[in-house]
Amino acid sequence: MSLVIANYDPEWPLHFEREASAVRSVEGVHAVEHVGSTAVPGLAARPTIDLLVGVDDPAAAPPAPFEALGYHEEAGAPLRTFWRGTRAFKIYELLVVEAGGAVWRRRLDLRDRLRADPALAEHYAHRKRELALAHEGNPAAYAEAKAGFVDALLS
């Protein structure tokens, strides 16, 4: 599978808003935030809209309401993750986490830090492109390498 890193698309926030409106209607959802690189103006990104979905207990969140919106649960993901699109190209990804919990705060901290520092965002985009080339065809290795970079960035 190819790892696509695309230039920023000003339509990404509009796609987020349309999708977030539907996700907010799911019972038990407290908040929905746009995270990931598509949430940072000007940042190159894997063109998948990431929605951070805050609930009380991710393990207890029933999948049926998300499935009714066309989502599929990602088996074996470290977070409660749902996706819509195709296996090869996910258009939307829901990261269902504890509202206000550690994962919630970490995702928002990264987004906000990149939004506040365009030079850092550009460095991050450059690094993601390097990692995508280095791990072509291996999304898991790309994600692991990117996580290490994010850990260093947030420490």
# chains A, B, ... in the order shown; residues from 1 in each chain; ligands from 1
call {"tool": "residues_around", "arguments": {"residues": "Asp56 in chain A", "least_positions_apart": "4", "cutoff": "10 Å", "atoms": "only C-alpha atoms", "output": "list in words"}}
result
Gly28, Val29, His30, Ala60, Ala61, Val96, Val97, Glu98, Ala99, Gly100 and Gly101 of chain A
call {"tool": "write_last_selection", "arguments": {"atoms": "all heavy atoms", "output": "compact mmCIF listing (two decimals), in the first residue's frame"}}
result
# COMPACT_ATOMS: atom_id res chain seq x y z
N GLY A 28 -23.81 9.47 23.50
CA GLY A 28 -22.61 9.19 24.29
C GLY A 28 -21.38 9.94 23.83
O GLY A 28 -20.36 9.94 24.52
N VAL A 29 -21.44 10.58 22.67
CA VAL A 29 -20.31 11.37 22.18
C VAL A 29 -20.38 12.75 22.84
O VAL A 29 -21.37 13.46 22.72
CB VAL A 29 -20.33 11.50 20.64
CG1 VAL A 29 -19.32 12.53 20.17
CG2 VAL A 29 -20.05 10.14 20.00
N HIS A 30 -19.33 13.11 23.57
CA HIS A 30 -19.29 14.40 24.28
C HIS A 30 -18.69 15.51 23.43
O HIS A 30 -19.08 16.67 23.57
CB HIS A 30 -18.49 14.28 25.57
CG HIS A 30 -19.09 13.30 26.54
ND1 HIS A 30 -20.33 13.46 27.09
CD2 HIS A 30 -18.60 12.13 27.04
CE1 HIS A 30 -20.60 12.45 27.89
NE2 HIS A 30 -19.56 11.62 27.87
N ALA A 60 -16.59 0.71 26.13
CA ALA A 60 -18.03 0.46 26.26
C ALA A 60 -18.85 1.13 25.15
O ALA A 60 -20.06 0.92 25.08
CB ALA A 60 -18.52 0.96 27.62
N ALA A 61 -18.21 1.90 24.30
CA ALA A 61 -18.94 2.58 23.22
C ALA A 61 -19.43 1.54 22.21
O ALA A 61 -18.62 0.82 21.63
CB ALA A 61 -18.05 3.61 22.54
N VAL A 96 -11.77 7.00 18.85
CA VAL A 96 -12.71 7.06 19.97
C VAL A 96 -11.91 6.86 21.25
O VAL A 96 -11.34 5.80 21.48
CB VAL A 96 -13.84 6.01 19.81
CG1 VAL A 96 -14.81 6.09 20.97
CG2 VAL A 96 -14.56 6.20 18.47
N VAL A 97 -11.87 7.92 22.07
CA VAL A 97 -11.03 7.94 23.26
C VAL A 97 -11.82 8.54 24.43
O VAL A 97 -12.89 9.12 24.24
CB VAL A 97 -9.74 8.74 23.03
CG1 VAL A 97 -8.94 8.19 21.87
CG2 VAL A 97 -10.03 10.22 22.83
N GLU A 98 -11.25 8.42 25.62
CA GLU A 98 -11.86 9.04 26.79
C GLU A 98 -11.78 10.56 26.66
O GLU A 98 -10.69 11.12 26.48
CB GLU A 98 -11.12 8.60 28.06
CG GLU A 98 -11.67 9.23 29.31
CD GLU A 98 -10.82 8.93 30.53
OE1 GLU A 98 -9.81 8.20 30.43
OE2 GLU A 98 -11.17 9.47 31.60
N ALA A 99 -12.93 11.22 26.71
CA ALA A 99 -12.98 12.68 26.63
C ALA A 99 -12.15 13.28 27.76
O ALA A 99 -12.35 12.95 28.93
CB ALA A 99 -14.42 13.17 26.71
N GLY A 100 -11.18 14.11 27.41
CA GLY A 100 -10.33 14.75 28.42
C GLY A 100 -9.21 13.89 28.95
O GLY A 100 -8.39 14.37 29.74
N GLY A 101 -9.13 12.63 28.53
CA GLY A 101 -8.10 11.73 29.01
C GLY A 101 -6.73 12.01 28.38
O GLY A 101 -6.55 12.96 27.61
call {"tool": "residues_around", "arguments": {"residues": "range 43-47 of chain A", "least_positions_apart": "5", "cutoff": "7 Å", "atoms": "only C-alpha atoms", "output": "PDB file with N, CA and C atoms, in the first residue's frame"}}
result
ATOM      1  N   VAL A   4       0.610   7.982   0.886  1.00  0.00           N
ATOM      2  CA  VAL A   4       0.460   9.252   0.196  1.00  0.00           C
ATOM      3  C   VAL A   4       0.542  10.388   1.206  1.00  0.00           C
ATOM      4  N   ILE A   5       1.425  11.335   0.957  1.00  0.00           N
ATOM      5  CA  ILE A   5       1.485  12.572   1.727  1.00  0.00           C
ATOM      6  C   ILE A   5       1.163  13.676   0.728  1.00  0.00           C
ATOM      7  N   ALA A   6       0.024  14.345   0.943  1.00  0.00           N
ATOM      8  CA  ALA A   6      -0.458  15.354   0.004  1.00  0.00           C
ATOM      9  C   ALA A   6      -0.233  16.751   0.560  1.00  0.00           C
ATOM     10  N   ASN A   7      -0.143  17.727  -0.350  1.00  0.00           N
ATOM     11  CA  ASN A   7      -0.092  19.120   0.074  1.00  0.00           C
ATOM     12  C   ASN A   7      -1.410  19.479   0.739  1.00  0.00           C
ATOM     13  N   TYR A   8      -1.375  20.481   1.603  1.00  0.00           N
ATOM     14  CA  TYR A   8      -2.564  20.915   2.331  1.00  0.00           C
ATOM     15  C   TYR A   8      -3.698  21.263   1.362  1.00  0.00           C
ATOM     16  N   SER A  37      -2.747  15.771  10.834  1.00  0.00           N
ATOM     17  CA  SER A  37      -2.133  16.797   9.992  1.00  0.00           C
ATOM     18  C   SER A  37      -3.142  17.580   9.159  1.00  0.00           C
ATOM     19  N   THR A  38      -4.278  16.968   8.812  1.00  0.00           N
ATOM     20  CA  THR A  38      -5.268  17.711   8.034  1.00  0.00           C
ATOM     21  C   THR A  38      -5.897  18.837   8.852  1.00  0.00           C
ATOM     22  N   ALA A 121       5.737  22.990  11.984  1.00  0.00           N
ATOM     23  CA  ALA A 121       4.825  22.233  11.121  1.00  0.00           C
ATOM     24  C   ALA A 121       5.511  21.858   9.812  1.00  0.00           C
ATOM     25  N   GLU A 122       6.274  22.765   9.237  1.00  0.00           N
ATOM     26  CA  GLU A 122       6.991  22.477   7.990  1.00  0.00           C
ATOM     27  C   GLU A 122       8.047  21.405   8.222  1.00  0.00           C
ATOM     28  N   ALA A 125       6.232  18.131   8.411  1.00  0.00           N
ATOM     29  CA  ALA A 125       5.814  17.683   7.072  1.00  0.00           C
ATOM     30  C   ALA A 125       6.996  17.073   6.322  1.00  0.00           C
TER      31      ALA A 125
END
call {"tool": "atom_distance", "arguments": {"atom1": "CA of Lys90 in chain A", "atom2": "CA of Arg18 in chain A"}}
result
16.3 Å
call {"tool": "residues_around", "arguments": {"residues": "Phe149 in chain A", "least_positions_apart": "5", "cutoff": "10 Å", "atoms": "only C-alpha atoms", "output": "ChimeraX atom specification"}}
result
/A:124,127-128,143-144,154
call {"tool": "atom_distance", "arguments": {"atom1": "CA of Pro10 in chain A", "atom2": "CA of Glu130 in chain A"}}
result
23.3 Å
